[in-house]
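Worksheet: the structure to be examined is printed underneath.
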Amino acid sequence: MTGTLLRPGRSAGIGRDRRACMLPAHPGAQRPAGRPPSTAVVGGGIAGLTAATALAERGVQVTLYERRPVLGGRVAGWPVRLSDGSAATMSRGFHAFFRQYYNLRALLRRTDPQLAGLTGLPDYPLQHSSGLRDSFRHVPRTPPLSALGFVALSPAFTVRDLLRMHPSAALPLLDVRVPDVYHRLDHLSAAEYLDAIGFPEAANSLAFTVFSRSFFADPAELSAAEMALMFHIYFLGSSEGLLFDVPSAPYPQALWEPLRRHLSGLGADLRTGTAVEGVTPLRGGGYAVGTGGTCDRHDTVVLALDVAGLRALVAGSPQLGDRPWRERVARLRTAPPFLVSRLWLDRPVARDRPGFLGTSGYGPLDNAGVLERWEDQAARWAARTGGSVVELHAYALPGDAAREEQQDLLLRQLHRLYPETRDARVVDARHEWQADCPLFPVGAHRDRPAVTTPEPGLVLAGDLVRTDLPVALMERAATTGFLAANALLRRWALRGHTLWTVPDRGRSAPLRAAAGFARPLRTPARTGSTARGEG
């Protein structure tokens, strides 16, 4: 990564946090003077679409290869026909577009400058089966008032619980910096770190486990550094708050079809339904990209694949990279399987049910969504039929989980959560089982591949990629897409793209000074793997 993080007084209209950090674009020409260079972007998810857009906007000849017939990667959607004859769009489930996702939102502004296609949900509630319930609607957004407000408003914290905590262990959370946070905490699991702090069990179950599992992994398997970074991005470091937006239409209509048209208008060649089988460096420069018996030459290549796709492509491209890099790619792991069940019910859920609810204590159920609260297609179906469209998520399931049993179990948990659904008939149900999200296990950060590679014309992008910026999940995918494009643009003396992040350290000098008193935490003795399953 090149460039310097600055601290402007205002964040140029991208958000409300005046301490957001800017990574300025490197200088260069706006367009190539002679023959434009060419790039193959392999992968049509958020990272690949970002890289393709950033390159095509500078006049680079972009060919995007996506093995599936649709764009969007893990945020894709595809048409289905329900048993009642209705046309619908299925996807891999709900995604929260947080206001601090500056670079992802910058990508979406290419086709929707006002982000009118996103709608804000009024709350981010959490509910435990014991009856405890948390809400972020009235929590102040600016740290440290956000943390103090959450503790004051949450029923999961009592005075006795607070007196039992070990605040010295929590000091690193006051000044999270990348990559320093990995040096401090990557040797611990999220569960071990929370235990060292002494968080009350109720708060741990109600809030922090819910947040940890948003990485599709059990807290006992997730690196504490990733969890600390998550707290910084969403809670302790940013004043954007924990409330978020969602697309008001299915993903293809709201996001990817407009971006496809934008890319086509820039001259990009989008080849969906085309799997890349190998990439070979050429003696005279450039790369041969093989797709089912044919090869195309490109000057450079962006690999924007998921873990399994990247491992397979590198394994099938024996001349690509050096041995240490190839071995690091081979060691990447996927998170355990997850399940998304979408149910079309013949009667509505109660009017006061939120659009999205994080859950704990309901067996494998991690969250529940009521789609007609925000998505226009689901709202039209619900209005026409008098029913509801409900979506259930279960993360970090055992690798040998019996699928039908888990699907039935999720339905029973819905009946516990929303008792009015017990008598509802399921008009149609679609179940998505996947195991392709990257795992961020204990101690693995240093080994994770970065954007640049031993090949000068080859770069990586995606949420699996290591970067020294405070980003995660979809925002990491978009950010590394821009970083990959910038690395190639610099080769051709073409102007880069400006990036933004949440503050790159603790928000105030007193908090940063307090964090400096933190003592290193020892690695607990472990008897074996704590993984619940691996994809």
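Please note that chains go A, B, ... in the order of the structure tokens, that every chain numbers its residues from 1, and that ligands are numbered from 1 in the order shown.
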Gly198 in chain A surroundings by only C-alpha atoms, 8 Å radius, close-in-sequence under 2 positions cut, as a PDB file with C-alpha atoms, in the first residue's frame:
```
ATOM      1  CA  ARG A 164     -15.978  -7.504  38.144  1.00  0.00           C
ATOM      2  CA  MET A 165     -14.510  -6.526  34.785  1.00  0.00           C
ATOM      3  CA  HIS A 166     -10.780  -6.132  34.083  1.00  0.00           C
ATOM      4  CA  LEU A 194     -13.629 -11.316  25.957  1.00  0.00           C
ATOM      5  CA  ASP A 195     -12.972 -13.716  28.818  1.00  0.00           C
ATOM      6  CA  ALA A 196      -9.783 -11.817  29.737  1.00  0.00           C
ATOM      7  CA  PRO A 200     -20.653 -10.033  31.737  1.00  0.00           C
TER       8      PRO A 200
END
```
Write down as an MDAnalysis selection string the residues belonging to range 117-351 of chain A that are assigned alpha helix (DSSP H) by DSSP computed on the backbone.
chainID A and resid 145:153 159:164 167:170 180:185 190:197 201:203 209:212 224:231 251 257:265 307:315 323:330
With only C-alpha atoms as the counted atoms, please give the residues lying no more than 6 Å from range 340-345 of chain A, apart from itself and same-chain residues fewer than 5 positions off, as a ChimeraX atom specification.
/A:387-393,425-432
Just the selected residues (N, CA, C and O atoms), exported as an mmCIF file, in the first residue's frame, please.
```cif
data_model
loop_
_atom_site.group_PDB
_atom_site.id
_atom_site.type_symbol
_atom_site.label_atom_id
_atom_site.label_comp_id
_atom_site.auth_asym_id
_atom_site.auth_seq_id
_atom_site.Cartn_x
_atom_site.Cartn_y
_atom_site.Cartn_z
ATOM 1 N N GLY A 387 -49.286 -11.960 3.147
ATOM 2 C CA GLY A 387 -48.304 -12.737 3.896
ATOM 3 C C GLY A 387 -47.083 -11.928 4.286
ATOM 4 O O GLY A 387 -47.104 -10.697 4.327
ATOM 5 N N SER A 388 -45.993 -12.643 4.582
ATOM 6 C CA SER A 388 -44.716 -12.038 4.946
ATOM 7 C C SER A 388 -43.588 -12.835 4.299
ATOM 8 O O SER A 388 -43.728 -14.036 4.034
ATOM 9 N N VAL A 389 -42.467 -12.142 4.063
ATOM 10 C CA VAL A 389 -41.255 -12.790 3.567
ATOM 11 C C VAL A 389 -40.211 -12.679 4.676
ATOM 12 O O VAL A 389 -39.776 -11.575 5.020
ATOM 13 N N VAL A 390 -39.851 -13.820 5.249
ATOM 14 C CA VAL A 390 -38.958 -13.858 6.404
ATOM 15 C C VAL A 390 -37.665 -14.556 6.012
ATOM 16 O O VAL A 390 -37.678 -15.561 5.294
ATOM 17 N N GLU A 391 -36.556 -14.019 6.494
ATOM 18 C CA GLU A 391 -35.247 -14.607 6.189
ATOM 19 C C GLU A 391 -34.518 -14.927 7.490
ATOM 20 O O GLU A 391 -34.438 -14.084 8.393
ATOM 21 N N LEU A 392 -33.970 -16.135 7.581
ATOM 22 C CA LEU A 392 -33.286 -16.623 8.778
ATOM 23 C C LEU A 392 -31.848 -16.980 8.427
ATOM 24 O O LEU A 392 -31.595 -17.633 7.414
ATOM 25 N N HIS A 393 -30.901 -16.583 9.295
ATOM 26 C CA HIS A 393 -29.487 -16.867 9.062
ATOM 27 C C HIS A 393 -28.939 -17.708 10.217
ATOM 28 O O HIS A 393 -29.246 -17.445 11.387
ATOM 29 N N ARG A 425 -48.703 -20.978 7.063
ATOM 30 C CA ARG A 425 -48.313 -21.960 6.049
ATOM 31 C C ARG A 425 -47.157 -21.394 5.232
ATOM 32 O O ARG A 425 -47.161 -20.220 4.852
ATOM 33 N N VAL A 426 -46.162 -22.227 4.989
ATOM 34 C CA VAL A 426 -45.020 -21.808 4.178
ATOM 35 C C VAL A 426 -45.402 -21.988 2.709
ATOM 36 O O VAL A 426 -45.493 -23.110 2.211
ATOM 37 N N VAL A 427 -45.644 -20.872 2.033
ATOM 38 C CA VAL A 427 -46.012 -20.920 0.611
ATOM 39 C C VAL A 427 -44.845 -21.427 -0.215
ATOM 40 O O VAL A 427 -45.020 -22.228 -1.143
ATOM 41 N N ASP A 428 -43.660 -20.971 0.100
ATOM 42 C CA ASP A 428 -42.448 -21.435 -0.573
ATOM 43 C C ASP A 428 -41.277 -21.211 0.366
ATOM 44 O O ASP A 428 -41.328 -20.345 1.247
ATOM 45 N N ALA A 429 -40.222 -21.985 0.173
ATOM 46 C CA ALA A 429 -39.005 -21.859 0.980
ATOM 47 C C ALA A 429 -37.805 -22.111 0.090
ATOM 48 O O ALA A 429 -37.810 -23.034 -0.726
ATOM 49 N N ARG A 430 -36.804 -21.288 0.247
ATOM 50 C CA ARG A 430 -35.535 -21.476 -0.459
ATOM 51 C C ARG A 430 -34.413 -21.457 0.576
ATOM 52 O O ARG A 430 -34.394 -20.604 1.462
ATOM 53 N N HIS A 431 -33.489 -22.393 0.429
ATOM 54 C CA HIS A 431 -32.408 -22.547 1.399
ATOM 55 C C HIS A 431 -31.067 -22.469 0.678
ATOM 56 O O HIS A 431 -30.838 -23.201 -0.286
ATOM 57 N N GLU A 432 -30.220 -21.585 1.149
ATOM 58 C CA GLU A 432 -28.880 -21.429 0.592
ATOM 59 C C GLU A 432 -27.853 -21.906 1.612
ATOM 60 O O GLU A 432 -27.719 -21.331 2.693
#
```
Backbone DSSP call of strand (DSSP E) for range 20-178 of chain A, listed as JSON, numbers by chain:
{"A": [21, 22, 23, 38, 39, 40, 41, 42, 61, 62, 63, 64, 65, 66, 77, 78, 79, 80, 81, 87, 88, 89, 90, 91, 97, 98, 118, 119, 120, 126, 127, 128, 133, 134]}
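Closest to Pro125 in chain A among A:Pro336, A:Gly355, A:Ala461, A:Thr523 is A:Gly355, based on only C-alpha atoms.
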